[in-house]
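This report concerns only the one structure given below.
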Amino acid sequence: MKVSLVWFRRDLRLADNTALNAALKSGNNVLPLFIFDDEILEELPKNDARLSFIYDQLKAIHTKLRKNNSSILVVRGNVEEVFKKLIDSYSIESVYTNKDYEPYAIGRDEKIKALLAENNISFHSYKDQVIHEENEVLKKDGSPYTVFTPYKNKWLSVYQAQSQTASITYEKFHTKNYPFPDRESLGIVESEIKVQDFSLNSVSTYEQTRNFPELDSGSYLSPHLRFGTVSIRQVMAQLKPNSAVFLSELIWREFFMQILFHFPKVVTHNFRSNYDGIEWRNNEAEFDKWCKGETGYPMVDAGMKQLNQTGYMHNRVRMVTASFLCKHLLIDWRMGEAYFAQKLLDYELSSNNGNWQWSAGTGCDAAPYFRIFNPIEQLKKFDSTNAYVKKWLPNYGTSKYPKPMVDHKMARLRALETYKTGIEKHS
DNA sequence: TGAAATGTTGGGGCG
DNA sequence: ACGCCCCAACATTTC
């Protein structure tokens, strides 16, 4: 019997999964596959919370498939080697997968596609994780947008609700029982940090509540979009017309994805190269204090504690902590980006990079360099009762709480001077 | 999706 | 009643 292999990556669900649906229509035996990629896992600690989440989601998929007399094949290895073995073991006719737009994934998929072609196996990849992909929202002259507002307007004008398939038919799946691997055999350890369920209940009031971290009014959708445990089409279908500001955030996600696709240099370089001359101080001891949440600025510290303890940080506070690192400490945004990448459950290269460059002023449509958040003012405006900072800082208000590591006024003037000099040098 | 510095206005205290 | 000053409140400019 011919096999249609469905290669899961960041689409860890059975419902409304484009590649899976296509495979189920192929007429072949459908074999679901997930590979824990050596190249990715070697860079991560064994107890990484994202790996734990992936493991749990795969197990849930496996359980569902077992109830329907099937299973998912989960392995760890070098992706190319895994495919070579599968090609030898099965009569694979085609491979179905959902597109991934990150530079590493694009390169990996090209290699696999070539390997499959050598073996007369077709490779089908689908748009699934976004509403509009990289070439569907372009300026009139065919070039990509680099400014958000016109991008958003165009995005909305080309949007139309898409059909979804919530339920699937199981009889097309293969009927083998692949034993589900234990964590040890995959080289991972269960994390204490868990991804929480998302809720779209409060998205209609997002505009009013989003800036107040104590309200904890976020949807917690981001990790689920990152790993595809929910379909973006199903999320869109649930949004009511009064959720425009929340929808904007979903459009920011796709904005930065297409920026990453069209300008892959942003992974390592400033989007605006005229900022390349900024002389970052990059003081390691200061960076360490920022990471630990010991800067002496409560809003910064509370945010970092929340991040370290839960893998999540409120959006407003992400801006305050990022601005503080880049402007007050003059530490290269790439160091902050790398730290968030380690810690955030919803870490997404495109969004993390785009938002860090936004904060640093080096990105497309970024905050101007002289827009410097005052961490004290931000606290007054957005956490006036101190409920948020008290929650994360047990020493807040006591003599144990550290004094500010830098004077705000001095740091502000220093940032203005350093940025100005750096930009002049490079223009 | 800033905040500080600077400018303008107008009410009130006071001689 | 009037002019002068102070300064809070608001507006505009600047970084």
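For the structure tokens, the naming scheme is as follows: chains receive sequential letters (A, B, ...) according to their order of presentation, residues are indexed from 1 within each chain, and ligands are indexed from 1 in presentation order.
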If you take only C-alpha atoms (C1' of nucleotides) and a cut-off of 9 Å, which residues of chain B touch chain A, and what are their nearest atom pairs and distances in Å to one decimal, in chain and number order, as JSON lines?
```
{"residue": "B:DT1", "atom": "C1'", "partner": "A:Arg316", "partner_atom": "CA", "distance": 8.3}
{"residue": "B:DG2", "atom": "C1'", "partner": "A:Arg371", "partner_atom": "CA", "distance": 5.3}
{"residue": "B:DA3", "atom": "C1'", "partner": "A:Ile372", "partner_atom": "CA", "distance": 7.0}
```
Take the selection from the previous step and output its residues with C-alpha atoms (C1' of nucleotides), as a CSV table (one decimal), in the first residue's frame.
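Just written: again16.csv:
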```
chain,number,residue,atom,x,y,z
B,1,DT,C1',2.8,51.6,21.2
B,2,DG,C1',7.2,58.7,24.9
B,3,DA,C1',9.0,62.0,27.6
```
In segment 51-113 of chain A, DSSP alpha helix (DSSP H) residues written as a ChimeraX atom specification: /A:51-67,79-89,103-113
Any idea what's packed within 12 Å of DG10 of chain B, counting only C-alpha atoms (C1' of nucleotides), ignoring anything in its chain fewer than 4 positions away? Could you give it as a PyMOL selection string? chain C and resi 6-10
Could you name the residues that touch segment 230-239 of chain A at 10 Å or less, counting only C-alpha atoms (C1' of nucleotides), but leaving out those on the same chain fewer than 3 positions away, as a ChimeraX atom specification? /A:11-18,128-131,161-166,198,200-201,203-204,221-227,242-244,246-247,250
Go ahead and dump the residues you just picked, C-alpha atoms, as a PDB file, in the first residue's frame.
```pdb
ATOM      1  CA  ASP A  11       1.048  22.604  13.230  1.00  0.00           C
ATOM      2  CA  LEU A  12       0.470  20.256  16.152  1.00  0.00           C
ATOM      3  CA  ARG A  13      -3.227  19.565  15.686  1.00  0.00           C
ATOM      4  CA  LEU A  14      -5.532  17.310  13.741  1.00  0.00           C
ATOM      5  CA  ALA A  15      -8.360  19.821  13.247  1.00  0.00           C
ATOM      6  CA  ASP A  16      -8.258  22.177  10.277  1.00  0.00           C
ATOM      7  CA  ASN A  17      -4.741  21.195   9.312  1.00  0.00           C
ATOM      8  CA  THR A  18      -4.210  21.982   5.638  1.00  0.00           C
ATOM      9  CA  ASP A 128      -1.416  26.964   6.941  1.00  0.00           C
ATOM     10  CA  GLN A 129       0.052  29.046   9.758  1.00  0.00           C
ATOM     11  CA  VAL A 130      -0.963  32.433   8.337  1.00  0.00           C
ATOM     12  CA  ILE A 131      -3.936  34.042   6.647  1.00  0.00           C
ATOM     13  CA  ALA A 161     -13.095  34.271   5.608  1.00  0.00           C
ATOM     14  CA  GLN A 162     -11.763  30.884   4.640  1.00  0.00           C
ATOM     15  CA  SER A 163     -13.419  27.552   4.929  1.00  0.00           C
ATOM     16  CA  GLN A 164     -12.221  25.200   7.642  1.00  0.00           C
ATOM     17  CA  THR A 165     -12.559  21.544   8.315  1.00  0.00           C
ATOM     18  CA  ALA A 166     -13.023  20.937  12.000  1.00  0.00           C
ATOM     19  CA  PHE A 198      -5.778  30.282  25.455  1.00  0.00           C
ATOM     20  CA  LEU A 200     -10.604  34.568  23.240  1.00  0.00           C
ATOM     21  CA  ASN A 201     -13.207  35.704  25.754  1.00  0.00           C
ATOM     22  CA  VAL A 203     -10.387  40.062  23.021  1.00  0.00           C
ATOM     23  CA  SER A 204     -13.266  42.484  22.476  1.00  0.00           C
ATOM     24  CA  LEU A 221      -2.938  32.651  22.204  1.00  0.00           C
ATOM     25  CA  SER A 222       0.657  33.247  21.129  1.00  0.00           C
ATOM     26  CA  PRO A 223       2.248  29.894  22.018  1.00  0.00           C
ATOM     27  CA  HIS A 224      -0.679  28.108  20.421  1.00  0.00           C
ATOM     28  CA  LEU A 225      -0.181  30.000  17.195  1.00  0.00           C
ATOM     29  CA  ARG A 226       3.539  29.326  17.433  1.00  0.00           C
ATOM     30  CA  PHE A 227       3.071  25.576  17.608  1.00  0.00           C
ATOM     31  CA  ASN A 242     -15.317  44.699  17.897  1.00  0.00           C
ATOM     32  CA  SER A 243     -11.956  42.957  18.150  1.00  0.00           C
ATOM     33  CA  ALA A 244     -10.124  45.243  15.751  1.00  0.00           C
ATOM     34  CA  PHE A 246      -6.669  42.403  18.847  1.00  0.00           C
ATOM     35  CA  LEU A 247      -6.853  41.616  15.144  1.00  0.00           C
ATOM     36  CA  LEU A 250      -2.477  39.141  14.588  1.00  0.00           C
TER      37      LEU A 250
END
```
Those of segment 95-285 of chain A in DSSP strand (DSSP E), formatted as a ChimeraX atom specification: /A:95-98,122-126
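Atom to atom, atom CA of Ser185 of chain A and atom CA of Arg76 of chain A stand 8.4 Å apart.
The space separating atom CA of Ser71 of chain A from atom CA of Gly228 of chain A comes to 19.0 Å.
From atom CA of Ile423 of chain A back to atom CA of Asp332 of chain A, the distance works out to 14.7 Å.
The residue that comes closest to chain C, out of A:Tyr369, A:Tyr347, A:Tyr401, A:Tyr151 and on the basis of only C-alpha atoms (C1' of nucleotides), is A:Tyr369.
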Which residues are near Ile72 of chain A? Cut-off 10 Å, only C-alpha atoms (C1' of nucleotides), ignore same chain within fewer than 3 positions. Put them as a ChimeraX atom specification. /A:6,8,31-34,58-59,61-66,75,173-174,176-180
I need the residues from that last selection saved to file as a tab-separated table (two decimals), in the first residue's frame (with C-alpha atoms), if you can.
```tsv
chain	number	residue	atom	x	y	z
A	6	VAL	CA	2.26	13.96	6.82
A	8	PHE	CA	4.10	17.80	11.33
A	31	LEU	CA	1.23	8.22	8.07
A	32	PRO	CA	1.70	11.14	10.51
A	33	LEU	CA	5.29	11.93	11.43
A	34	PHE	CA	7.06	14.28	13.80
A	58	LEU	CA	2.15	15.05	20.25
A	59	LYS	CA	1.05	12.69	22.96
A	61	ILE	CA	-2.48	13.61	19.02
A	62	HIS	CA	-1.21	10.08	19.51
A	63	THR	CA	-3.93	9.32	22.04
A	64	LYS	CA	-6.61	10.60	19.70
A	65	LEU	CA	-5.23	8.54	16.85
A	66	ARG	CA	-4.98	5.44	19.04
A	75	VAL	CA	11.40	10.11	16.31
A	173	PHE	CA	-4.92	6.71	8.51
A	174	HIS	CA	-2.56	3.76	8.69
A	176	LYS	CA	-0.01	0.50	12.94
A	177	ASN	CA	0.60	1.21	16.59
A	178	TYR	CA	3.89	3.08	16.79
A	179	PRO	CA	4.84	3.11	20.43
A	180	PHE	CA	5.00	6.67	21.73
```
